[in-house]
Amino acid sequence: MMHASLAVAQVLPSPDQGRLLATGGVTQLEGAGGGGLTPWATITGYGSEDSYGVTAHITQVGTQDYRLRTAGVAIGIADRLELSLANQKFTGSLAPLDKLELQQDILGIKLKIAGDLVTDQDSWQPQVAIGAMYKRNHVIKGLEALGITSVKQLGAINDSGVDYYLSATKLLLDHSLLINGTLRLSKANQMGLLGFGGDKRKQYQLLPEVSLGYLINRKLVLGLEYRSKPQNLAVDNEKAYYDAFLAWFPNKNISLTLAYAHLGDITVFNPKNQRGWYVSLQIAQ
């Protein structure tokens, strides 16, 4: 058994962290590599084409009435394939939703299909990736007094679903600028925390997402993000997400992102534009 383990260890390469600082991005709210709100075409970690990279993250978003915590792990393989697993926990703090707890698990996959973020500096070609996120809700907690234990009772068609997306990311080193555009095909209500599809709309919708980042220096990135949202549920007048962020990369093993996010209305029970601070810590190997 020991000889077999040694043989496997010799076959598998070690994480080499061969890519440039910050080129894996940070970890997005659903566990994919990219920005805070939207996935990018980047592959998580710093593994080169001959290796792999592993990341773990924890993210906390606090608004006037709600808290969202996301935690997960991801692996980037050969700077081409990314696999991720994340859990989201959403809680309320204001009556009548002060005992509310929503959770969902998210399994993600992303494949780079064209371009390279760094080497294509003399071309218009962006790095392009396709991806998918499978999401599944847990039982709703805190609304038992109202007889509600499932997102279907709030009007959602399903308690699980899949988002599909196409991302294109261009890094302009001469201008210290990163531009990302993502098209997402989704039925998810509030990223899926309130289920998929609804009493207003049942079909997939094509939703644009945009990120802009300015490289202040090698270790600091200042940026803006926008993410459009569907309006599938009568109980949730869902609005677009957007934020302003500052990401710090002191080295290849750690990054810290601070943002001020605007998440719009969450439900008709607390009809207030939700905004607040976003903090995310990522550990990479």
# chains A, B, ... in the order shown; residues from 1 in each chain; ligands from 1
$ residues_around --residues "stretch 144-158 of chain A" --least-positions-apart "3" --cutoff "10 Å" --atoms "only C-alpha atoms" --output "list in words"
Lys99, Leu100, Leu102, Arg136, Asn137, His138, Val139, Ile140, Lys141, Gly161, Lys187, Ala188, Asn189, Gly192, Leu193, Leu194, Gly195, Phe196, Gly197, Gly198, Asp199, Lys200, Arg201, Lys202, Asn232, Leu233, Ala234, Val235 and Asp236 of chain A
$ write_last_selection --atoms "C-alpha atoms" --output "tab-separated table (two decimals), in the first residue's frame"
chain	number	residue	atom	x	y	z
A	99	LYS	CA	-35.73	33.62	11.99
A	100	LEU	CA	-35.44	32.89	8.28
A	102	LEU	CA	-32.11	29.49	3.52
A	136	ARG	CA	-29.98	22.58	-4.81
A	137	ASN	CA	-31.92	24.13	-1.92
A	138	HIS	CA	-32.17	22.82	1.62
A	139	VAL	CA	-35.44	22.96	3.57
A	140	ILE	CA	-36.52	26.50	4.51
A	141	LYS	CA	-36.20	27.18	8.25
A	161	GLY	CA	-31.67	23.97	-11.15
A	187	LYS	CA	-34.06	30.45	-13.97
A	188	ALA	CA	-32.59	31.11	-10.51
A	189	ASN	CA	-34.39	33.40	-8.06
A	192	GLY	CA	-31.32	30.04	-6.48
A	193	LEU	CA	-31.86	30.70	-2.77
A	194	LEU	CA	-35.56	31.21	-3.56
A	195	GLY	CA	-35.73	28.35	-6.06
A	196	PHE	CA	-35.95	28.27	-9.83
A	197	GLY	CA	-38.66	29.63	-12.10
A	198	GLY	CA	-41.85	31.01	-10.65
A	199	ASP	CA	-45.44	32.09	-10.88
A	200	LYS	CA	-44.50	35.02	-13.17
A	201	ARG	CA	-41.93	33.35	-15.45
A	202	LYS	CA	-40.87	29.73	-15.88
A	232	ASN	CA	-39.84	35.20	-11.71
A	233	LEU	CA	-41.68	35.44	-8.36
A	234	ALA	CA	-44.64	37.57	-7.32
A	235	VAL	CA	-43.29	37.64	-3.74
A	236	ASP	CA	-39.88	38.94	-4.84
$ closest_atom_pairs --of "stretch 165-213 of chain A" --to "stretch 20-32 of chain A" --cutoff "12 Å" --atoms "only C-alpha atoms" --output "CSV"
residue,atom,partner,partner_atom,distance
A:Tyr165,CA,A:Ala32,CA,11.4
A:Ser167,CA,A:Ala32,CA,11.6
A:Thr169,CA,A:Thr23,CA,10.8
A:Lys170,CA,A:Thr23,CA,11.1
A:Leu171,CA,A:Thr23,CA,9.2
A:Leu173,CA,A:Thr23,CA,11.6
A:Leu178,CA,A:Thr23,CA,10.3
A:Asn180,CA,A:Gly25,CA,11.4
A:Gln190,CA,A:Glu30,CA,11.3
A:Met191,CA,A:Glu30,CA,8.0
A:Gly192,CA,A:Glu30,CA,10.0
A:Leu193,CA,A:Glu30,CA,11.0
A:Ser211,CA,A:Gly25,CA,11.7
A:Gly213,CA,A:Gly25,CA,10.6
$ select_by_dssp --residues "stretch 22-167 of chain A" --states "helix (DSSP H, G or I)" --output "number ranges by chain"
A: 144-146, 151-154
$ select_by_dssp --residues "stretch 178-210 of chain A" --states "strand (DSSP E)" --output "MDAnalysis selection string"
chainID A and resid 178:186 205:210
$ atom_distance --atom1 "atom CA of A:Glu82" --atom2 "atom CA of A:Gly45"
9.3 Å
$ closest_residue --among "A:Leu37, A:Ile266, A:Ala168, A:Leu177" --to "A:Tyr278" --atoms "only C-alpha atoms"
A:Leu37
$ atom_distance --atom1 "atom CA of A:Phe269" --atom2 "atom CA of A:Tyr241"
19.1 Å
$ atom_distance --atom1 "atom CA of A:Val279" --atom2 "atom CA of A:Ala259"
6.5 Å
$ residues_around --residues "A:Asp16" --least-positions-apart "5" --cutoff "7 Å" --atoms "only C-alpha atoms" --output "list in words"
Gly47, Ser48 and Ser51 of chain A
$ write_last_selection --atoms "N, CA and C atoms" --output "mmCIF file, in the first residue's frame"
data_model
loop_
_atom_site.group_PDB
_atom_site.id
_atom_site.type_symbol
_atom_site.label_atom_id
_atom_site.label_comp_id
_atom_site.auth_asym_id
_atom_site.auth_seq_id
_atom_site.Cartn_x
_atom_site.Cartn_y
_atom_site.Cartn_z
ATOM 1 N N GLY A 47 -2.121 27.330 -10.697
ATOM 2 C CA GLY A 47 -1.497 26.207 -11.385
ATOM 3 C C GLY A 47 -1.288 26.491 -12.864
ATOM 4 N N SER A 48 -0.120 26.119 -13.386
ATOM 5 C CA SER A 48 0.193 26.326 -14.799
ATOM 6 C C SER A 48 -0.446 25.227 -15.642
ATOM 7 N N SER A 51 0.141 21.743 -14.266
ATOM 8 C CA SER A 51 -0.091 21.519 -12.849
ATOM 9 C C SER A 51 -1.544 21.834 -12.504
#
$ closest_residue --among "A:Tyr134, A:Tyr66, A:Trp124, A:Trp248" --to "A:Leu107" --atoms "only C-alpha atoms"
A:Tyr134
